[in-house]
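Q: As input, take target11.cif (mmCIF, C-alpha atoms):
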```cif
data_protein
#
loop_
_atom_site.group_PDB
_atom_site.id
_atom_site.type_symbol
_atom_site.label_atom_id
_atom_site.label_comp_id
_atom_site.auth_asym_id
_atom_site.auth_seq_id
_atom_site.Cartn_x
_atom_site.Cartn_y
_atom_site.Cartn_z
ATOM 1 C CA MET A 1 0.000 0.000 0.000
ATOM 2 C CA SER A 2 1.383 3.414 -0.908
ATOM 3 C CA ASP A 3 2.115 6.127 1.630
ATOM 4 C CA ILE A 4 -0.602 8.332 0.161
ATOM 5 C CA THR A 5 -3.170 5.527 0.393
ATOM 6 C CA LEU A 6 -2.215 4.841 4.016
ATOM 7 C CA ILE A 7 -2.457 8.498 4.940
ATOM 8 C CA ASN A 8 -5.819 8.965 3.243
ATOM 9 C CA LYS A 9 -7.148 5.786 4.870
ATOM 10 C CA ARG A 10 -6.025 6.937 8.327
ATOM 11 C CA LEU A 11 -7.549 10.375 7.775
ATOM 12 C CA GLN A 12 -10.837 8.762 6.837
ATOM 13 C CA GLU A 13 -10.734 6.365 9.814
ATOM 14 C CA GLY A 14 -9.974 9.209 12.212
ATOM 15 C CA ASN A 15 -12.526 11.519 10.611
ATOM 16 C CA LEU A 16 -9.772 14.100 10.048
ATOM 17 C CA SER A 17 -9.566 16.611 7.234
ATOM 18 C CA ARG A 18 -6.465 17.428 5.257
ATOM 19 C CA TYR A 19 -6.622 20.905 6.771
ATOM 20 C CA GLN A 20 -6.569 19.416 10.274
ATOM 21 C CA LEU A 21 -3.581 17.286 9.261
ATOM 22 C CA ALA A 22 -1.799 20.405 8.064
ATOM 23 C CA LYS A 23 -2.435 22.142 11.391
ATOM 24 C CA MET A 24 -1.284 19.088 13.361
ATOM 25 C CA THR A 25 1.942 18.679 11.380
ATOM 26 C CA GLY A 26 2.845 22.307 10.763
ATOM 27 C CA ILE A 27 2.982 21.637 7.026
ATOM 28 C CA ALA A 28 1.193 24.249 4.896
ATOM 29 C CA ALA A 29 -2.293 23.137 3.851
ATOM 30 C CA PRO A 30 -1.650 23.643 0.099
ATOM 31 C CA ASP A 31 1.412 21.388 0.378
ATOM 32 C CA ILE A 32 -0.650 18.676 2.107
ATOM 33 C CA TYR A 33 -3.365 18.922 -0.553
ATOM 34 C CA ASN A 34 -0.826 18.762 -3.389
ATOM 35 C CA CYS A 35 1.030 15.788 -1.895
ATOM 36 C CA LEU A 36 -2.109 13.797 -1.235
ATOM 37 C CA ASN A 37 -3.416 14.566 -4.725
ATOM 38 C CA GLY A 38 -0.146 13.394 -6.281
ATOM 39 C CA ASN A 39 0.872 16.828 -7.567
ATOM 40 C CA ARG A 40 3.917 17.160 -5.314
ATOM 41 C CA PRO A 41 6.275 14.553 -3.903
ATOM 42 C CA LEU A 42 5.836 13.464 -0.308
ATOM 43 C CA TYR A 43 9.207 14.592 1.000
ATOM 44 C CA PRO A 44 10.826 12.358 3.647
ATOM 45 C CA GLY A 45 10.600 15.009 6.372
ATOM 46 C CA TRP A 46 6.930 15.656 5.659
ATOM 47 C CA ARG A 47 6.272 11.928 5.482
ATOM 48 C CA LYS A 48 7.849 11.433 8.908
ATOM 49 C CA LYS A 49 5.809 14.264 10.460
ATOM 50 C CA ILE A 50 2.576 12.941 8.960
ATOM 51 C CA PHE A 51 3.287 9.348 9.970
ATOM 52 C CA ASP A 52 4.169 10.462 13.522
ATOM 53 C CA VAL A 53 0.972 12.509 13.894
ATOM 54 C CA LEU A 54 -1.227 9.744 12.475
ATOM 55 C CA GLY A 55 0.485 6.971 14.437
ATOM 56 C CA LEU A 56 1.690 5.162 11.332
ATOM 57 C CA THR A 57 4.963 3.251 11.299
ATOM 58 C CA GLU A 58 7.312 1.746 8.739
ATOM 59 C CA GLU A 59 5.970 -1.684 9.700
ATOM 60 C CA VAL A 60 2.428 -0.631 8.768
ATOM 61 C CA GLU A 61 3.622 0.659 5.420
ATOM 62 C CA HIS A 62 5.348 -2.609 4.564
ATOM 63 C CA GLY A 63 2.503 -4.791 5.798
ATOM 64 C CA THR A 64 4.358 -6.347 8.717
ATOM 65 C CA ASP A 65 2.218 -4.738 11.427
ATOM 66 C CA GLU A 66 -1.037 -6.441 10.528
#
```
Here is the file; what I need is its structure written in the form of structure tokens.

A:
Amino acid sequence: MSDITLINKRLQEGNLSRYQLAKMTGIAAPDIYNCLNGNRPLYPGWRKKIFDVLGLTEEVEHGTDE
């Protein structure tokens, strides 16, 4: 599962908006929107902040945490 898919799934599960994610991570809302729409790369630093805020881990991404 891709990072973007995981993030969108977690947002949906937690009933969080992309705007709320931006506020929680300190990443500008337009950057969040563009990343999650595939118009901008998900930079490693942003990815780490988002994963930390949403409680996602590398193990979840690679399917070993199921």

Q: What's the 12 Å shell around Lys9 in chain A, counting only C-alpha atoms, without same-chain residues fewer than 6 positions away, as an mmCIF file with C-alpha atoms, keeping the file's coordinate frame?

A:
```cif
data_model
loop_
_atom_site.group_PDB
_atom_site.id
_atom_site.type_symbol
_atom_site.label_atom_id
_atom_site.label_comp_id
_atom_site.auth_asym_id
_atom_site.auth_seq_id
_atom_site.Cartn_x
_atom_site.Cartn_y
_atom_site.Cartn_z
ATOM 1 C CA MET A 1 0.000 0.000 0.000
ATOM 2 C CA SER A 2 1.383 3.414 -0.908
ATOM 3 C CA ASP A 3 2.115 6.127 1.630
ATOM 4 C CA ASN A 15 -12.526 11.519 10.611
ATOM 5 C CA LEU A 16 -9.772 14.100 10.048
ATOM 6 C CA SER A 17 -9.566 16.611 7.234
ATOM 7 C CA ARG A 18 -6.465 17.428 5.257
ATOM 8 C CA LEU A 36 -2.109 13.797 -1.235
ATOM 9 C CA LEU A 54 -1.227 9.744 12.475
ATOM 10 C CA LEU A 56 1.690 5.162 11.332
ATOM 11 C CA GLU A 61 3.622 0.659 5.420
#
```

Q: Could you check which of A:Ile4, A:Arg10, A:Asn34, A:Tyr19 is closest to Arg47 in chain A, using all atoms listed in the file?

A: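 Of A:Ile4, A:Arg10, A:Asn34, A:Tyr19, the one nearest Arg47 in chain A is A:Ile4, counting all atoms listed in the file.
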
Q: For a cut-off of 12 Å around (6.8, 13.7, 0.9), file coordinates, pick out all residues using all atoms listed in the file and list them as a CSV table (one decimal) with C-alpha atoms, in the coordinates of the input.

A:
```csv
chain,number,residue,atom,x,y,z
A,2,SER,CA,1.4,3.4,-0.9
A,3,ASP,CA,2.1,6.1,1.6
A,4,ILE,CA,-0.6,8.3,0.2
A,7,ILE,CA,-2.5,8.5,4.9
A,27,ILE,CA,3.0,21.6,7.0
A,31,ASP,CA,1.4,21.4,0.4
A,32,ILE,CA,-0.6,18.7,2.1
A,33,TYR,CA,-3.4,18.9,-0.6
A,34,ASN,CA,-0.8,18.8,-3.4
A,35,CYS,CA,1.0,15.8,-1.9
A,36,LEU,CA,-2.1,13.8,-1.2
A,37,ASN,CA,-3.4,14.6,-4.7
A,38,GLY,CA,-0.1,13.4,-6.3
A,39,ASN,CA,0.9,16.8,-7.6
A,40,ARG,CA,3.9,17.2,-5.3
A,41,PRO,CA,6.3,14.6,-3.9
A,42,LEU,CA,5.8,13.5,-0.3
A,43,TYR,CA,9.2,14.6,1.0
A,44,PRO,CA,10.8,12.4,3.6
A,45,GLY,CA,10.6,15.0,6.4
A,46,TRP,CA,6.9,15.7,5.7
A,47,ARG,CA,6.3,11.9,5.5
A,48,LYS,CA,7.8,11.4,8.9
A,49,LYS,CA,5.8,14.3,10.5
A,50,ILE,CA,2.6,12.9,9.0
A,51,PHE,CA,3.3,9.3,10.0
```

Q: Could you work out how far CA of Asp52 in chain A lies from CA of Thr25 in chain A, giving the answer in Å with one decimal?

A: 8.8 Å

Q: Between CA of Leu6 in chain A and CA of Leu21 in chain A, what distance in Å does the model show, to one decimal?

A: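 CA of Leu6 in chain A sits 13.6 Å away from CA of Leu21 in chain A.
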
Q: With 4 Å of padding per side, what axis-aligned box (centre and edge lengths, Å, one decimal) covers all the listed atoms of range 21-38 of chain A? Give it as lines of an AutoDock Vina configuration file.

A:
```
center_x = -0.3
center_y = 18.8
center_z = 3.5
size_x = 14.6
size_y = 18.9
size_z = 27.6
```

Q: Pull N, CA and C atoms for range 3-38 of chain A from the block and write them as a compact mmCIF listing (two decimals), in the first residue's frame.

A:
```
# COMPACT_ATOMS: atom_id res chain seq x y z
N ASP A 3 2.18 5.18 0.52
CA ASP A 3 2.11 6.13 1.63
C ASP A 3 0.85 6.98 1.55
N ILE A 4 0.56 7.46 0.35
CA ILE A 4 -0.60 8.33 0.16
C ILE A 4 -1.89 7.59 0.52
N THR A 5 -1.99 6.34 0.09
CA THR A 5 -3.17 5.53 0.39
C THR A 5 -3.30 5.32 1.90
N LEU A 6 -2.19 5.03 2.56
CA LEU A 6 -2.21 4.84 4.02
C LEU A 6 -2.66 6.11 4.73
N ILE A 7 -2.11 7.23 4.31
CA ILE A 7 -2.46 8.50 4.94
C ILE A 7 -3.93 8.80 4.74
N ASN A 8 -4.40 8.68 3.51
CA ASN A 8 -5.82 8.96 3.24
C ASN A 8 -6.74 8.02 4.02
N LYS A 9 -6.35 6.76 4.12
CA LYS A 9 -7.15 5.79 4.87
C LYS A 9 -7.21 6.17 6.35
N ARG A 10 -6.07 6.55 6.91
CA ARG A 10 -6.03 6.94 8.33
C ARG A 10 -6.82 8.22 8.58
N LEU A 11 -6.76 9.15 7.64
CA LEU A 11 -7.55 10.37 7.78
C LEU A 11 -9.04 10.04 7.80
N GLN A 12 -9.43 9.15 6.91
CA GLN A 12 -10.84 8.76 6.84
C GLN A 12 -11.27 8.03 8.11
N GLU A 13 -10.42 7.12 8.59
CA GLU A 13 -10.73 6.36 9.81
C GLU A 13 -10.85 7.29 11.02
N GLY A 14 -9.98 8.29 11.08
CA GLY A 14 -9.97 9.21 12.21
C GLY A 14 -10.89 10.40 12.03
N ASN A 15 -11.62 10.42 10.92
CA ASN A 15 -12.53 11.52 10.61
C ASN A 15 -11.80 12.86 10.67
N LEU A 16 -10.59 12.89 10.08
CA LEU A 16 -9.77 14.10 10.05
C LEU A 16 -9.74 14.67 8.64
N SER A 17 -9.69 15.97 8.54
CA SER A 17 -9.57 16.61 7.23
C SER A 17 -8.09 16.83 6.91
N ARG A 18 -7.83 17.11 5.67
CA ARG A 18 -6.47 17.43 5.26
C ARG A 18 -6.02 18.73 5.91
N TYR A 19 -6.94 19.65 6.10
CA TYR A 19 -6.62 20.90 6.77
C TYR A 19 -6.20 20.64 8.22
N GLN A 20 -6.93 19.76 8.90
CA GLN A 20 -6.57 19.42 10.27
C GLN A 20 -5.19 18.77 10.32
N LEU A 21 -4.91 17.92 9.34
CA LEU A 21 -3.58 17.29 9.26
C LEU A 21 -2.51 18.35 9.10
N ALA A 22 -2.77 19.32 8.27
CA ALA A 22 -1.80 20.40 8.06
C ALA A 22 -1.53 21.14 9.38
N LYS A 23 -2.59 21.45 10.11
CA LYS A 23 -2.44 22.14 11.39
C LYS A 23 -1.65 21.29 12.39
N MET A 24 -1.93 20.00 12.41
CA MET A 24 -1.28 19.09 13.36
C MET A 24 0.20 18.88 13.05
N THR A 25 0.56 18.95 11.78
CA THR A 25 1.94 18.68 11.38
C THR A 25 2.77 19.94 11.21
N GLY A 26 2.11 21.07 11.03
CA GLY A 26 2.85 22.31 10.76
C GLY A 26 3.25 22.45 9.30
N ILE A 27 2.73 21.57 8.46
CA ILE A 27 2.98 21.64 7.03
C ILE A 27 1.86 22.48 6.41
N ALA A 28 2.20 23.37 5.51
CA ALA A 28 1.19 24.25 4.90
C ALA A 28 0.10 23.42 4.23
N ALA A 29 -1.14 23.86 4.40
CA ALA A 29 -2.29 23.14 3.85
C ALA A 29 -2.18 22.91 2.34
N PRO A 30 -1.77 23.91 1.54
CA PRO A 30 -1.65 23.64 0.10
C PRO A 30 -0.64 22.54 -0.22
N ASP A 31 0.42 22.45 0.59
CA ASP A 31 1.41 21.39 0.38
C ASP A 31 0.81 20.02 0.69
N ILE A 32 0.03 19.94 1.76
CA ILE A 32 -0.65 18.68 2.11
C ILE A 32 -1.59 18.27 0.98
N TYR A 33 -2.41 19.21 0.52
CA TYR A 33 -3.36 18.92 -0.55
C TYR A 33 -2.62 18.43 -1.80
N ASN A 34 -1.57 19.14 -2.19
CA ASN A 34 -0.83 18.76 -3.39
C ASN A 34 -0.16 17.40 -3.25
N CYS A 35 0.40 17.11 -2.10
CA CYS A 35 1.03 15.79 -1.90
C CYS A 35 -0.01 14.67 -1.98
N LEU A 36 -1.11 14.85 -1.29
CA LEU A 36 -2.11 13.80 -1.23
C LEU A 36 -2.90 13.66 -2.54
N ASN A 37 -2.81 14.66 -3.40
CA ASN A 37 -3.42 14.57 -4.73
C ASN A 37 -2.41 14.11 -5.78
N GLY A 38 -1.16 13.88 -5.36
CA GLY A 38 -0.15 13.39 -6.28
C GLY A 38 0.50 14.47 -7.14
```
